[in-house]
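Colleague: Just so it is clear, I am handing over protein.txt, which has compact mmCIF, C-alpha atoms.
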```
# COMPACT_ATOMS: atom_id res chain seq x y z
CA MET M 62 19.60 -11.39 -31.83
CA ASN M 63 18.54 -13.45 -34.86
CA ILE M 64 14.80 -13.09 -34.24
CA TYR M 65 15.20 -9.33 -33.73
CA LYS M 66 16.83 -8.93 -37.16
CA LYS M 67 14.33 -11.27 -38.83
CA LEU M 68 11.44 -9.19 -37.52
CA LEU M 69 12.96 -5.95 -38.76
CA ASP M 70 13.81 -7.50 -42.14
CA LYS M 71 10.26 -8.89 -42.32
CA GLU M 72 11.53 -12.43 -42.74
CA THR M 73 9.10 -13.43 -39.99
CA SER M 74 6.14 -11.85 -38.21
CA LEU M 75 5.11 -10.76 -34.74
CA SER M 76 1.67 -11.83 -33.57
CA VAL M 77 -0.69 -10.32 -31.02
CA ILE M 78 -3.32 -12.64 -29.57
CA GLY M 79 -6.28 -10.67 -28.24
CA LEU M 80 -7.11 -7.36 -29.91
CA GLY M 81 -8.96 -5.50 -27.18
CA TYR M 82 -8.09 -2.13 -25.68
CA VAL M 83 -4.61 -3.50 -24.83
CA GLY M 84 -3.76 -5.74 -27.77
CA LEU M 85 -4.84 -3.57 -30.69
CA PRO M 86 -2.64 -0.53 -29.86
CA ILE M 87 0.34 -2.87 -29.39
CA ALA M 88 -0.33 -4.60 -32.70
CA LEU M 89 -0.63 -1.33 -34.62
CA GLU M 90 2.52 0.18 -33.08
CA PHE M 91 4.61 -2.86 -33.99
CA ALA M 92 2.99 -2.95 -37.45
CA ARG M 93 4.74 0.34 -38.22
CA LYS M 94 8.08 -1.42 -37.75
CA MET M 95 7.47 -5.00 -38.90
CA ARG M 96 4.90 -7.47 -40.20
CA VAL M 97 2.19 -8.27 -37.67
CA VAL M 98 -0.52 -10.91 -37.40
CA GLY M 99 -3.39 -9.62 -35.26
CA PHE M 100 -5.51 -12.49 -33.94
CA ASP M 101 -8.87 -12.36 -32.16
CA ILE M 102 -11.43 -15.12 -31.66
CA ARG M 103 -14.36 -12.87 -32.67
CA PRO M 104 -14.79 -12.60 -36.46
CA ASP M 105 -17.11 -9.57 -36.07
CA ARG M 106 -14.34 -7.62 -34.35
CA ILE M 107 -11.84 -8.70 -37.00
CA GLU M 108 -14.10 -7.35 -39.77
CA MET M 109 -14.33 -4.00 -37.98
CA MET M 110 -10.54 -3.77 -37.70
CA LYS M 111 -10.12 -4.67 -41.35
CA ASN M 112 -12.22 -1.57 -42.01
CA ASN M 113 -9.99 0.56 -39.76
CA GLN M 114 -12.46 0.56 -36.88
CA ASP M 115 -11.53 -0.04 -33.26
CA PRO M 116 -14.29 -2.06 -31.55
CA SER M 117 -13.21 -0.56 -28.21
CA GLU M 118 -13.59 2.97 -29.64
CA GLU M 119 -10.21 3.99 -28.25
CA LEU M 120 -8.43 4.50 -31.59
CA GLY M 121 -9.41 6.42 -34.72
CA SER M 122 -9.16 5.28 -38.34
CA GLU M 123 -5.93 7.28 -38.73
CA ASP M 124 -4.21 4.98 -36.22
CA PHE M 125 -4.50 2.11 -38.72
CA LYS M 126 -2.63 3.97 -41.49
CA ASP M 127 0.86 2.95 -42.62
CA THR M 128 0.73 -0.39 -40.82
CA ASP M 129 1.72 -3.82 -42.11
CA ILE M 130 -0.85 -5.95 -40.31
CA MET M 131 -3.07 -8.90 -41.14
CA PHE M 132 -6.19 -9.23 -38.99
CA THR M 133 -7.45 -12.77 -38.63
CA SER M 134 -9.58 -15.12 -36.54
CA ASN M 135 -7.90 -18.19 -38.09
CA SER M 136 -5.33 -19.52 -35.61
CA LEU M 137 -3.36 -21.21 -38.38
CA ASP M 138 -2.24 -17.77 -39.56
CA LEU M 139 -0.21 -17.54 -36.35
CA LYS M 140 2.25 -20.04 -37.85
CA LYS M 141 3.68 -17.11 -39.83
CA ALA M 142 4.86 -15.49 -36.60
CA SER M 143 7.87 -16.25 -34.40
CA PHE M 144 7.28 -13.69 -31.64
CA HIS M 145 3.87 -14.00 -29.97
CA ILE M 146 2.35 -11.44 -27.59
CA VAL M 147 -0.63 -12.62 -25.52
CA ALA M 148 -2.90 -9.76 -24.45
CA VAL M 149 -6.20 -11.33 -23.41
CA PRO M 150 -8.41 -10.42 -20.41
CA THR M 151 -7.87 -12.03 -17.02
CA PRO M 152 -11.24 -11.58 -15.28
CA ILE M 153 -12.60 -13.03 -12.06
CA THR M 154 -15.48 -15.42 -11.49
CA ARG M 155 -18.68 -14.41 -9.71
CA HIS M 156 -17.03 -15.81 -6.58
CA ASN M 157 -14.12 -13.35 -6.98
CA MET M 158 -11.66 -16.06 -7.96
CA PRO M 159 -9.15 -15.79 -10.85
CA ASP M 160 -10.68 -16.86 -14.15
CA LEU M 161 -7.77 -18.08 -16.27
CA ARG M 162 -9.93 -19.52 -19.06
CA PRO M 163 -9.21 -16.75 -21.61
CA LEU M 164 -5.48 -16.87 -20.80
CA LEU M 165 -5.24 -20.65 -21.04
CA ALA M 166 -7.31 -20.68 -24.24
CA ALA M 167 -4.88 -18.19 -25.78
CA THR M 168 -1.95 -20.28 -24.52
CA ARG M 169 -3.51 -23.34 -26.13
CA THR M 170 -3.81 -21.47 -29.42
CA VAL M 171 -0.15 -20.42 -29.33
CA GLY M 172 1.05 -23.84 -28.17
CA GLN M 173 -0.48 -25.47 -31.24
CA VAL M 174 1.55 -23.30 -33.64
CA LEU M 175 4.75 -22.88 -31.58
CA LYS M 176 8.01 -23.58 -33.44
CA LYS M 177 11.57 -24.06 -32.29
CA GLY M 178 13.17 -20.67 -31.67
CA ASP M 179 9.88 -18.86 -31.06
CA TYR M 180 9.19 -16.35 -28.29
CA VAL M 181 5.98 -15.97 -26.26
CA VAL M 182 5.46 -12.84 -24.19
CA TYR M 183 2.47 -12.45 -21.87
CA GLU M 184 0.95 -9.03 -21.15
CA SER M 185 -2.18 -10.19 -19.31
CA THR M 186 -2.19 -9.32 -15.59
CA VAL M 187 -1.76 -12.44 -13.45
CA TYR M 188 -0.57 -13.48 -9.99
CA PRO M 189 3.17 -14.08 -9.53
CA GLY M 190 4.07 -17.51 -10.88
CA CYS M 191 1.17 -17.90 -13.28
CA THR M 192 3.22 -17.60 -16.47
CA GLU M 193 5.71 -20.32 -15.56
CA GLU M 194 3.40 -22.53 -13.49
CA ASP M 195 0.18 -22.44 -15.54
CA CYS M 196 1.09 -21.35 -19.08
CA VAL M 197 4.54 -22.76 -19.80
CA PRO M 198 3.61 -26.43 -19.10
CA MET M 199 0.73 -26.10 -21.56
CA LEU M 200 3.04 -24.63 -24.20
CA GLU M 201 5.47 -27.53 -23.72
CA GLU M 202 2.75 -30.17 -23.86
CA LEU M 203 1.04 -28.87 -26.98
CA SER M 204 4.19 -28.02 -28.94
CA GLY M 205 6.35 -30.95 -27.88
CA LEU M 206 9.15 -28.43 -27.33
CA LYS M 207 11.30 -27.81 -24.27
CA TYR M 208 11.05 -24.53 -22.35
CA ILE M 209 14.15 -22.28 -22.63
CA GLU M 210 15.99 -24.86 -24.72
CA ASP M 211 13.56 -24.74 -27.68
CA PHE M 212 11.43 -21.65 -27.05
CA LYS M 213 11.62 -18.59 -24.82
CA VAL M 214 8.98 -16.94 -22.65
CA GLY M 215 8.72 -13.48 -21.14
CA PHE M 216 6.28 -11.28 -19.28
CA SER M 217 5.74 -7.58 -20.01
CA PRO M 218 2.67 -6.26 -18.20
CA GLU M 219 0.30 -3.91 -20.01
CA ARG M 220 0.03 -0.39 -18.63
CA ILE M 221 -2.51 1.11 -21.02
CA ASN M 222 -5.04 3.44 -19.38
CA PRO M 223 -8.36 3.45 -21.30
CA GLY M 224 -9.53 6.92 -22.30
CA ASP M 225 -6.14 8.46 -21.51
CA LYS M 226 -4.59 10.15 -24.57
CA GLU M 227 -1.52 11.34 -22.66
CA HIS M 228 -0.26 8.15 -21.00
CA THR M 229 -0.17 5.81 -23.99
CA LEU M 230 1.76 2.66 -24.90
CA THR M 231 4.70 4.61 -26.31
CA SER M 232 4.98 7.12 -23.45
CA ILE M 233 4.92 4.75 -20.44
CA THR M 234 8.05 2.90 -19.35
CA LYS M 235 7.60 -0.77 -20.23
CA VAL M 236 8.54 -3.41 -17.68
CA VAL M 237 10.01 -6.44 -19.45
CA SER M 238 11.26 -9.80 -18.24
CA GLY M 239 12.51 -13.05 -19.73
CA CYS M 240 13.21 -16.65 -18.81
CA ASP M 241 16.98 -16.11 -19.17
CA ASP M 242 19.49 -13.35 -19.93
CA GLU M 243 19.25 -13.84 -23.69
CA SER M 244 15.46 -13.61 -23.78
CA LEU M 245 15.46 -10.56 -21.50
CA ASP M 246 17.81 -8.77 -23.88
CA VAL M 247 15.84 -9.72 -27.00
CA ILE M 248 12.44 -8.86 -25.52
CA GLY M 249 13.76 -5.55 -24.22
CA ARG M 250 15.20 -4.59 -27.60
CA ILE M 251 12.00 -5.49 -29.44
CA TYR M 252 9.79 -3.42 -27.14
CA GLU M 253 12.23 -0.52 -27.33
CA LEU M 254 11.33 -0.27 -31.01
CA VAL M 255 7.88 1.10 -30.11
CA VAL M 256 8.14 2.37 -26.53
CA LYS M 257 9.77 5.79 -26.61
CA ALA M 258 9.87 5.98 -22.81
CA GLY M 259 12.18 2.97 -22.72
CA VAL M 260 12.06 -0.31 -20.83
CA HIS M 261 12.77 -1.46 -17.29
CA LYS M 262 14.31 -4.93 -17.18
CA ALA M 263 12.96 -6.94 -14.26
CA SER M 264 15.20 -9.65 -12.82
CA SER M 265 12.64 -12.41 -13.36
CA ILE M 266 9.20 -13.15 -14.77
CA LYS M 267 7.77 -13.39 -11.24
CA VAL M 268 9.10 -9.94 -10.33
CA ALA M 269 7.44 -8.44 -13.43
CA GLU M 270 4.16 -10.21 -12.63
CA ALA M 271 4.26 -8.96 -9.05
CA ALA M 272 5.15 -5.41 -10.10
CA LYS M 273 2.07 -5.16 -12.27
CA ILE M 274 -0.35 -6.63 -9.78
CA ILE M 275 0.72 -4.32 -6.94
CA GLU M 276 0.30 -1.23 -9.15
CA ASN M 277 -3.44 -1.72 -9.16
CA THR M 278 -3.67 -3.22 -5.67
CA GLN M 279 -1.96 -0.14 -4.24
CA ARG M 280 -4.50 2.13 -5.95
CA ASP M 281 -7.37 -0.06 -4.77
CA VAL M 282 -6.26 0.10 -1.12
CA ASN M 283 -5.71 3.87 -1.24
CA ILE M 284 -9.11 4.50 -2.83
CA ALA M 285 -10.70 2.23 -0.21
CA PHE M 286 -9.18 4.43 2.49
CA MET M 287 -10.72 7.51 0.83
CA ASN M 288 -14.08 5.74 0.61
CA GLU M 289 -13.95 4.82 4.28
CA LEU M 290 -13.11 8.43 5.13
CA SER M 291 -16.07 9.62 3.07
CA ILE M 292 -18.41 7.40 5.09
CA ILE M 293 -16.96 8.67 8.38
CA PHE M 294 -16.93 12.32 7.31
CA GLY M 295 -20.44 11.98 5.88
CA ARG M 296 -21.72 11.10 9.35
CA MET M 297 -19.88 14.13 10.74
CA GLY M 298 -21.37 16.47 8.15
CA ILE M 299 -17.95 17.15 6.59
CA ASN M 300 -17.37 17.19 2.82
CA THR M 301 -14.59 14.73 2.00
CA TYR M 302 -13.39 16.64 -1.06
CA GLU M 303 -12.90 19.77 1.03
CA VAL M 304 -10.87 17.74 3.53
CA LEU M 305 -8.71 16.31 0.76
CA GLU M 306 -8.22 19.75 -0.76
CA ALA M 307 -6.94 21.07 2.56
CA ALA M 308 -4.75 18.04 3.29
CA GLY M 309 -3.36 18.15 -0.24
CA THR M 310 -1.55 21.39 0.49
CA LYS M 311 1.19 19.30 2.12
CA TRP M 312 3.87 18.26 -0.38
CA ASN M 313 3.88 14.54 0.50
CA PHE M 314 0.13 13.95 0.79
CA LEU M 315 -1.00 11.19 -1.57
CA ARG M 316 -3.77 12.49 -3.85
CA PHE M 317 -6.49 9.86 -4.08
CA SER M 318 -10.24 10.46 -4.21
CA PRO M 319 -13.29 8.46 -3.10
CA GLY M 320 -15.52 6.81 -5.70
CA LEU M 321 -16.65 3.66 -7.44
CA VAL M 322 -13.88 1.22 -8.33
CA GLY M 323 -14.70 -0.84 -11.40
CA GLY M 324 -13.10 -1.84 -14.67
CA HIS M 325 -10.88 -4.77 -15.54
CA CYS M 326 -7.81 -3.76 -13.51
CA ILE M 327 -8.15 -2.05 -10.13
CA GLY M 328 -11.32 -3.89 -9.15
CA ILE M 329 -9.98 -7.29 -10.22
CA ASP M 330 -6.21 -7.57 -9.79
CA PRO M 331 -6.23 -7.53 -5.96
CA TYR M 332 -8.28 -10.74 -6.02
CA TYR M 333 -5.50 -12.44 -8.01
CA LEU M 334 -2.88 -11.45 -5.45
CA ALA M 335 -5.10 -12.46 -2.51
CA PHE M 336 -5.76 -15.82 -4.17
CA LYS M 337 -2.05 -16.55 -4.58
CA ALA M 338 -1.25 -15.35 -1.04
CA ARG M 339 -3.57 -18.03 0.39
CA GLU M 340 -1.47 -20.69 -1.32
CA TYR M 341 1.34 -19.55 0.97
CA ARG M 342 -0.96 -19.73 4.02
CA TYR M 343 -1.29 -15.99 4.35
CA HIS M 344 -4.63 -14.25 4.66
CA PRO M 345 -4.17 -10.73 3.24
CA GLN M 346 -6.12 -8.46 5.55
CA ILE M 347 -5.52 -5.00 4.07
CA ILE M 348 -6.11 -6.16 0.48
CA ASN M 349 -9.35 -7.95 1.37
CA ALA M 350 -10.58 -5.07 3.52
CA GLY M 351 -9.96 -2.65 0.67
CA ARG M 352 -11.88 -4.86 -1.73
CA PHE M 353 -14.81 -5.14 0.68
CA ILE M 354 -15.06 -1.37 1.10
CA ASN M 355 -14.80 -0.61 -2.60
CA ASP M 356 -17.23 -3.34 -3.64
CA SER M 357 -19.74 -1.97 -1.12
CA MET M 358 -19.71 1.66 -2.25
CA GLY M 359 -22.48 1.38 -4.83
CA PHE M 360 -24.85 -0.01 -2.22
CA TYR M 361 -23.81 2.68 0.27
CA ILE M 362 -24.51 5.44 -2.28
CA ALA M 363 -27.93 3.99 -3.13
CA LYS M 364 -28.89 3.94 0.54
CA GLN M 365 -27.91 7.60 0.84
CA VAL M 366 -30.20 8.39 -2.09
CA VAL M 367 -33.09 6.60 -0.37
CA LYS M 368 -32.41 8.39 2.94
CA LYS M 369 -32.36 11.79 1.25
CA LEU M 370 -35.61 11.02 -0.60
CA ILE M 371 -37.27 10.13 2.69
CA ALA M 372 -35.87 13.27 4.34
CA ALA M 373 -37.39 15.33 1.50
CA ASN M 374 -40.81 13.75 2.26
CA LYS M 375 -40.83 11.87 -1.04
CA ALA M 376 -42.48 8.45 -1.20
CA VAL M 377 -39.61 6.13 -2.11
CA THR M 378 -41.74 3.63 -4.06
CA GLN M 379 -43.20 6.49 -6.11
CA SER M 380 -39.88 8.21 -6.75
CA ARG M 381 -38.02 8.31 -10.04
CA VAL M 382 -34.22 8.73 -10.17
CA LEU M 383 -32.01 9.49 -13.15
CA VAL M 384 -28.52 7.92 -13.14
CA MET M 385 -26.09 9.74 -15.42
CA GLY M 386 -23.09 7.68 -16.46
CA ILE M 387 -22.85 3.88 -16.53
CA THR M 388 -19.37 3.07 -17.88
CA PHE M 389 -16.61 1.93 -15.52
CA LYS M 390 -14.73 5.24 -15.89
CA GLU M 391 -15.04 8.61 -17.53
CA ASN M 392 -14.93 9.17 -21.30
CA VAL M 393 -14.92 5.51 -22.34
CA SER M 394 -17.65 3.24 -23.70
CA ASP M 395 -16.52 0.17 -21.77
CA LEU M 396 -19.19 -1.25 -19.45
CA ARG M 397 -17.33 -4.28 -18.14
CA ASN M 398 -17.22 -4.53 -14.35
CA SER M 399 -18.79 -1.10 -13.89
CA ARG M 400 -19.97 -0.59 -10.31
CA VAL M 401 -22.72 1.88 -11.25
CA PRO M 402 -25.20 -1.01 -11.72
CA ASP M 403 -24.77 -1.68 -7.98
CA ILE M 404 -26.39 1.70 -7.34
CA ILE M 405 -29.15 1.01 -9.85
CA GLY M 406 -29.91 -2.48 -8.55
CA GLU M 407 -30.04 -1.33 -4.95
CA LEU M 408 -32.39 1.56 -5.81
CA ILE M 409 -34.68 -0.81 -7.71
CA SER M 410 -34.72 -3.15 -4.69
CA PHE M 411 -36.17 -0.24 -2.65
CA GLY M 412 -38.92 0.22 -5.23
CA VAL M 413 -37.41 3.30 -6.88
CA GLU M 414 -37.99 3.72 -10.62
CA VAL M 415 -34.65 4.32 -12.33
CA ASP M 416 -33.73 5.77 -15.72
CA VAL M 417 -30.15 5.48 -16.98
CA THR M 418 -28.32 7.61 -19.55
CA ASP M 419 -24.74 7.73 -20.84
CA PRO M 420 -23.19 9.68 -23.76
CA TYR M 421 -20.75 6.89 -24.63
CA ALA M 422 -22.30 3.52 -23.75
CA SER M 423 -24.10 1.29 -26.24
CA GLN M 424 -27.78 0.56 -25.56
CA ASN M 425 -27.45 -3.00 -26.85
CA GLU M 426 -24.32 -3.76 -24.84
CA PHE M 427 -25.80 -2.31 -21.66
CA HIS M 428 -28.96 -4.39 -22.02
CA HIS M 429 -26.91 -7.50 -22.85
CA GLU M 430 -24.56 -7.00 -19.90
CA TYR M 431 -27.01 -5.91 -17.20
CA LYS M 432 -30.51 -6.68 -18.57
CA LEU M 433 -31.50 -3.04 -18.04
CA PRO M 434 -32.68 -0.40 -20.53
CA LEU M 435 -30.54 2.61 -21.43
CA LEU M 436 -32.16 5.84 -22.61
CA ASP M 437 -31.45 6.81 -26.19
CA LYS M 438 -28.60 9.34 -25.99
CA ASN M 439 -30.16 11.37 -28.82
CA THR M 440 -33.54 11.75 -27.08
CA PRO M 441 -33.86 14.84 -24.83
CA LEU M 442 -34.58 14.13 -21.16
CA THR M 443 -38.05 15.00 -19.90
CA PRO M 444 -38.17 18.14 -17.71
CA GLY M 445 -39.58 17.83 -14.19
CA ARG M 446 -39.50 14.04 -14.27
CA TYR M 447 -37.01 13.10 -11.56
CA ASP M 448 -36.96 13.32 -7.78
CA ALA M 449 -33.18 12.91 -7.79
CA VAL M 450 -30.30 12.83 -10.25
CA VAL M 451 -27.19 10.74 -9.59
CA VAL M 452 -24.14 11.82 -11.63
CA ALA M 453 -22.09 8.65 -11.29
CA VAL M 454 -19.35 9.15 -13.92
CA SER M 455 -17.50 12.39 -14.69
CA HIS M 456 -17.86 12.26 -18.48
CA LYS M 457 -16.70 15.37 -20.36
CA PRO M 458 -20.24 16.31 -21.49
CA TYR M 459 -21.26 16.44 -17.81
CA ILE M 460 -18.46 18.69 -16.54
CA ALA M 461 -19.91 21.99 -17.77
CA LEU M 462 -23.53 21.34 -16.76
CA LYS M 463 -25.04 24.04 -14.57
CA GLU M 464 -27.36 23.86 -11.58
CA GLU M 465 -30.22 25.10 -13.77
CA TYR M 466 -29.86 22.04 -16.00
CA PHE M 467 -30.47 19.66 -13.09
CA ALA M 468 -33.19 21.82 -11.57
CA ASN M 469 -35.04 21.66 -14.89
CA LEU M 470 -34.95 17.85 -14.85
CA MET M 471 -36.21 17.49 -11.28
CA THR M 472 -39.41 17.86 -9.33
CA PRO M 473 -39.59 20.47 -6.53
CA GLU M 474 -37.17 19.64 -3.68
CA GLY M 475 -35.11 17.51 -6.07
CA ILE M 476 -31.71 16.21 -4.92
CA LEU M 477 -28.43 16.18 -6.84
CA PHE M 478 -26.04 13.33 -5.99
CA ASP M 479 -22.56 14.11 -7.28
CA ILE M 480 -20.39 11.01 -6.82
CA LYS M 481 -17.18 12.57 -8.14
CA GLY M 482 -17.63 16.02 -6.59
CA ILE M 483 -17.83 17.75 -9.99
CA TYR M 484 -20.32 20.41 -8.90
CA ARG M 485 -19.04 21.05 -5.39
CA GLY M 486 -19.46 24.73 -4.58
CA LYS M 487 -21.47 25.31 -7.77
CA THR M 488 -24.99 24.68 -6.44
CA LYS M 489 -27.03 27.15 -4.39
CA GLU M 490 -30.68 26.12 -4.64
CA LEU M 491 -30.64 22.35 -5.02
CA THR M 492 -30.13 19.88 -2.18
CA TYR M 493 -26.64 18.56 -2.88
CA TRP M 494 -24.74 15.44 -1.76
CA SER M 495 -21.35 14.01 -2.67
CA LEU M 496 -18.93 11.51 -1.22
```
Spell out the structure here as structure tokens.
Modeller:
Amino acid sequence: MNIYKKLLDKETSLSVIGLGYVGLPIALEFARKMRVVGFDIRPDRIEMMKNNQDPSEELGSEDFKDTDIMFTSNSLDLKKASFHIVAVPTPITRHNMPDLRPLLAATRTVGQVLKKGDYVVYESTVYPGCTEEDCVPMLEELSGLKYIEDFKVGFSPERINPGDKEHTLTSITKVVSGCDDESLDVIGRIYELVVKAGVHKASSIKVAEAAKIIENTQRDVNIAFMNELSIIFGRMGINTYEVLEAAGTKWNFLRFSPGLVGGHCIGIDPYYLAFKAREYRYHPQIINAGRFINDSMGFYIAKQVVKKLIAANKAVTQSRVLVMGITFKENVSDLRNSRVPDIIGELISFGVEVDVTDPYASQNEFHHEYKLPLLDKNTPLTPGRYDAVVVAVSHKPYIALKEEYFANLMTPEGILFDIKGIYRGKTKELTYWSL
């Protein structure tokens, strides 16, 4: 328990490597209990955090108060810490393969400052075995220390839900694991300092890795089933949301909804599990089928827009469509791995002129990420300009919009496409479509 006491007595520090939407909340929570070194490779982000600004726009300036934290982009400052938490992204390549470069770069950074008696805990979502097979050997090589004998390693998967103010770091049970009984106990006790909901001690690092990756894979497969139902029911002329509402009256019906599946978790993690499964000569059929369906939904929606435009006797190549919402989920500014650009790209390929607006997204980031313009959120939209409006993300500012608002934006015989079913039953005059 020596490291536990040293952290509380501020004789040593805890470090967090990677200060994104996962790492920064962790760093600030621990900084209310002990000294923390917050490390990120981007100096511009570090300067923002020094000024009590969250680059991810998830936290307010008040969340930085009463914290003992040093923000830095100098890896040598990590030498002051003895308990390191790695919380960097684990994306996929354009070929849908695991991209471990950020994780291994962070591991390299920690390995170069690792001391005897130190702990390293990974929070980044990975396939089972990654921590011990890919990261630990690098830590040993760079530090010259021996795993378990000289330093301990654990895995405690992040469960933060961007934009969710109810299910936060402190209120969600934290799964923890360690390389031996001692490390499991120490890691559990340290996380219990900030997680009010308590911890669940997994029997091994691999079990903790697997638990995290199936959380998101399960959601992905269930949403894929809803999306497939929406395609089937669409051909039958049945509204999927009405079907789900009726089926949901049974106590054990699982409540999932159709929609776009993006972001850096649900749309990515299944590829990690499928990749690892192939190492064991198993081709995961349900996981891959779910990924195919969900990755195809943006293109399916765009084709429905084109079909409806044609049915309304509108010349597709002379049509203009407004897409409302571009972020990967509601009420966040994060654009990474959003599937809305699939809709936009497909519409453009048909010759449709597309305008895009979003109350949260950055114009510069959107252009940098997707090479497309984003309308200035402070500039009013032009009345009577659009042949169709696609509400792709259920942002709060969109929830209360009335049919008259959309009618004012559109040309005669305009069509409202409501991806999330926000306005179901609330339109009388407009042609309406939803999944």
Colleague: Of the candidates M:Asp160, M:Asp479, M:Glu219, M:Glu289, which one gets nearest to Phe336 in chain M if we count all atoms listed in the file?
Modeller: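 Checking each candidate against Phe336 in chain M, we get M:Asp160 as the closest.
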Colleague: Determine, counting all atoms listed in the file, which protein, DNA and RNA residues have an atom within 12 Å of an atom of Thr440 in chain M; residues of the same chain fewer than 3 positions away are not included. Present the result as a PDB file with C-alpha atoms, keeping the file's coordinate frame.
Modeller:
```pdb
ATOM      1  CA  THR M 418     -28.320   7.610 -19.550  1.00  0.00           C
ATOM      2  CA  ASP M 419     -24.740   7.730 -20.840  1.00  0.00           C
ATOM      3  CA  PRO M 420     -23.190   9.680 -23.760  1.00  0.00           C
ATOM      4  CA  LEU M 435     -30.540   2.610 -21.430  1.00  0.00           C
ATOM      5  CA  LEU M 436     -32.160   5.840 -22.610  1.00  0.00           C
ATOM      6  CA  ASP M 437     -31.450   6.810 -26.190  1.00  0.00           C
ATOM      7  CA  THR M 443     -38.050  15.000 -19.900  1.00  0.00           C
TER       8      THR M 443
END
```
Colleague: Using all atoms listed in the file, can you tell me which of M:Ile221, M:Ile409, M:Val401, M:Ala272 comes closest to Ile387 in chain M?
Modeller: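 Of all the options, M:Val401 lies closest to Ile387 in chain M.
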Colleague: Between CA of Val174 in chain M and CA of Leu68 in chain M, what is the distance, to one decimal in Å?
Modeller: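 Going from CA of Val174 in chain M over to CA of Leu68 in chain M covers 17.7 Å.
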Colleague: Between M:Ile153, M:Ile460, M:Met297, M:Cys196, which one has atoms that come closest to Gly328 in chain M, using all atoms listed in the file?
Modeller: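 The closest residue to Gly328 in chain M is M:Ile153.
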Colleague: Please report the interatomic distance between CA of Leu139 in chain M and CA of Val182 in chain M in Å with one decimal.
Modeller: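 Those two atoms sit 14.2 Å apart.
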Colleague: Contacts of His344 in chain M at 8 Å or less, counting only C-alpha atoms, minus same-chain residues fewer than 4 places along, as a list in words?
Modeller: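 In the requested format, the answer is Ala335, Ala338 and Arg339 of chain M.
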Colleague: Return as lines of an AutoDock Vina configuration file the centre and edge lengths, in Å with one decimal, of the box along x, y and z that encloses every atom of range 311-319 of chain M in the file, padded by 5 Å per side.
Modeller:
```
center_x = -4.7
center_y = 13.9
center_z = -1.0
size_x = 27.2
size_y = 20.8
size_z = 16.3
```
Colleague: For a quick check of your reading of the model, name the residues lying within 12 Å of the coordinate (-10.4, -3.9, -40.4), counting only C-alpha atoms, and write them as a CSV table (one decimal) with C-alpha atoms, in the frame of the given file.
Modeller:
```
chain,number,residue,atom,x,y,z
M,80,LEU,CA,-7.1,-7.4,-29.9
M,85,LEU,CA,-4.8,-3.6,-30.7
M,89,LEU,CA,-0.6,-1.3,-34.6
M,99,GLY,CA,-3.4,-9.6,-35.3
M,100,PHE,CA,-5.5,-12.5,-33.9
M,101,ASP,CA,-8.9,-12.4,-32.2
M,104,PRO,CA,-14.8,-12.6,-36.5
M,105,ASP,CA,-17.1,-9.6,-36.1
M,106,ARG,CA,-14.3,-7.6,-34.4
M,107,ILE,CA,-11.8,-8.7,-37.0
M,108,GLU,CA,-14.1,-7.4,-39.8
M,109,MET,CA,-14.3,-4.0,-38.0
M,110,MET,CA,-10.5,-3.8,-37.7
M,111,LYS,CA,-10.1,-4.7,-41.4
M,112,ASN,CA,-12.2,-1.6,-42.0
M,113,ASN,CA,-10.0,0.6,-39.8
M,114,GLN,CA,-12.5,0.6,-36.9
M,115,ASP,CA,-11.5,0.0,-33.3
M,116,PRO,CA,-14.3,-2.1,-31.6
M,121,GLY,CA,-9.4,6.4,-34.7
M,122,SER,CA,-9.2,5.3,-38.3
M,124,ASP,CA,-4.2,5.0,-36.2
M,125,PHE,CA,-4.5,2.1,-38.7
M,126,LYS,CA,-2.6,4.0,-41.5
M,128,THR,CA,0.7,-0.4,-40.8
M,130,ILE,CA,-0.8,-6.0,-40.3
M,131,MET,CA,-3.1,-8.9,-41.1
M,132,PHE,CA,-6.2,-9.2,-39.0
M,133,THR,CA,-7.4,-12.8,-38.6
M,134,SER,CA,-9.6,-15.1,-36.5
```
Colleague: Can you work out the spacing between CA of Val451 in chain M and CA of Asn349 in chain M in Å, to one decimal?
Modeller: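 For CA of Val451 in chain M relative to CA of Asn349 in chain M, the distance reads 28.1 Å.
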Colleague: Counting all atoms listed in the file, which of M:Asn157, M:Ile266, M:Leu470, M:Gly172 gets nearest to Glu194 in chain M?
Modeller: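 Counting all atoms listed in the file, the residue closest to Glu194 in chain M is M:Ile266.
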Colleague: List as a PDB file with C-alpha atoms, in the frame of the given file the protein and nucleic acid residues near Ala271 in chain M, meaning an atom at most 9 Å away when all atoms listed in the file are counted, but skip any in the same chain fewer than 5 places from it.
Modeller:
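Heads up, here's the output in selection_26.pdb:
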```pdb
ATOM      1  CA  VAL M 187      -1.760 -12.440 -13.450  1.00  0.00           C
ATOM      2  CA  TYR M 188      -0.570 -13.480  -9.990  1.00  0.00           C
ATOM      3  CA  PRO M 189       3.170 -14.080  -9.530  1.00  0.00           C
ATOM      4  CA  GLY M 190       4.070 -17.510 -10.880  1.00  0.00           C
ATOM      5  CA  ILE M 266       9.200 -13.150 -14.770  1.00  0.00           C
ATOM      6  CA  GLU M 276       0.300  -1.230  -9.150  1.00  0.00           C
ATOM      7  CA  LEU M 334      -2.880 -11.450  -5.450  1.00  0.00           C
TER       8      LEU M 334
END
```
Colleague: Need the shell around Phe317 in chain M: protein/DNA/RNA residues with any atom at most 9 Å away, counting only C-alpha atoms. Skip same-chain ones fewer than 5 positions apart. Format as a list in words?
Modeller: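 Skipping anything fewer than 5 positions along the chain leaves Arg280, Asn283, Ile284, Phe286, Met287 and Leu305 of chain M.
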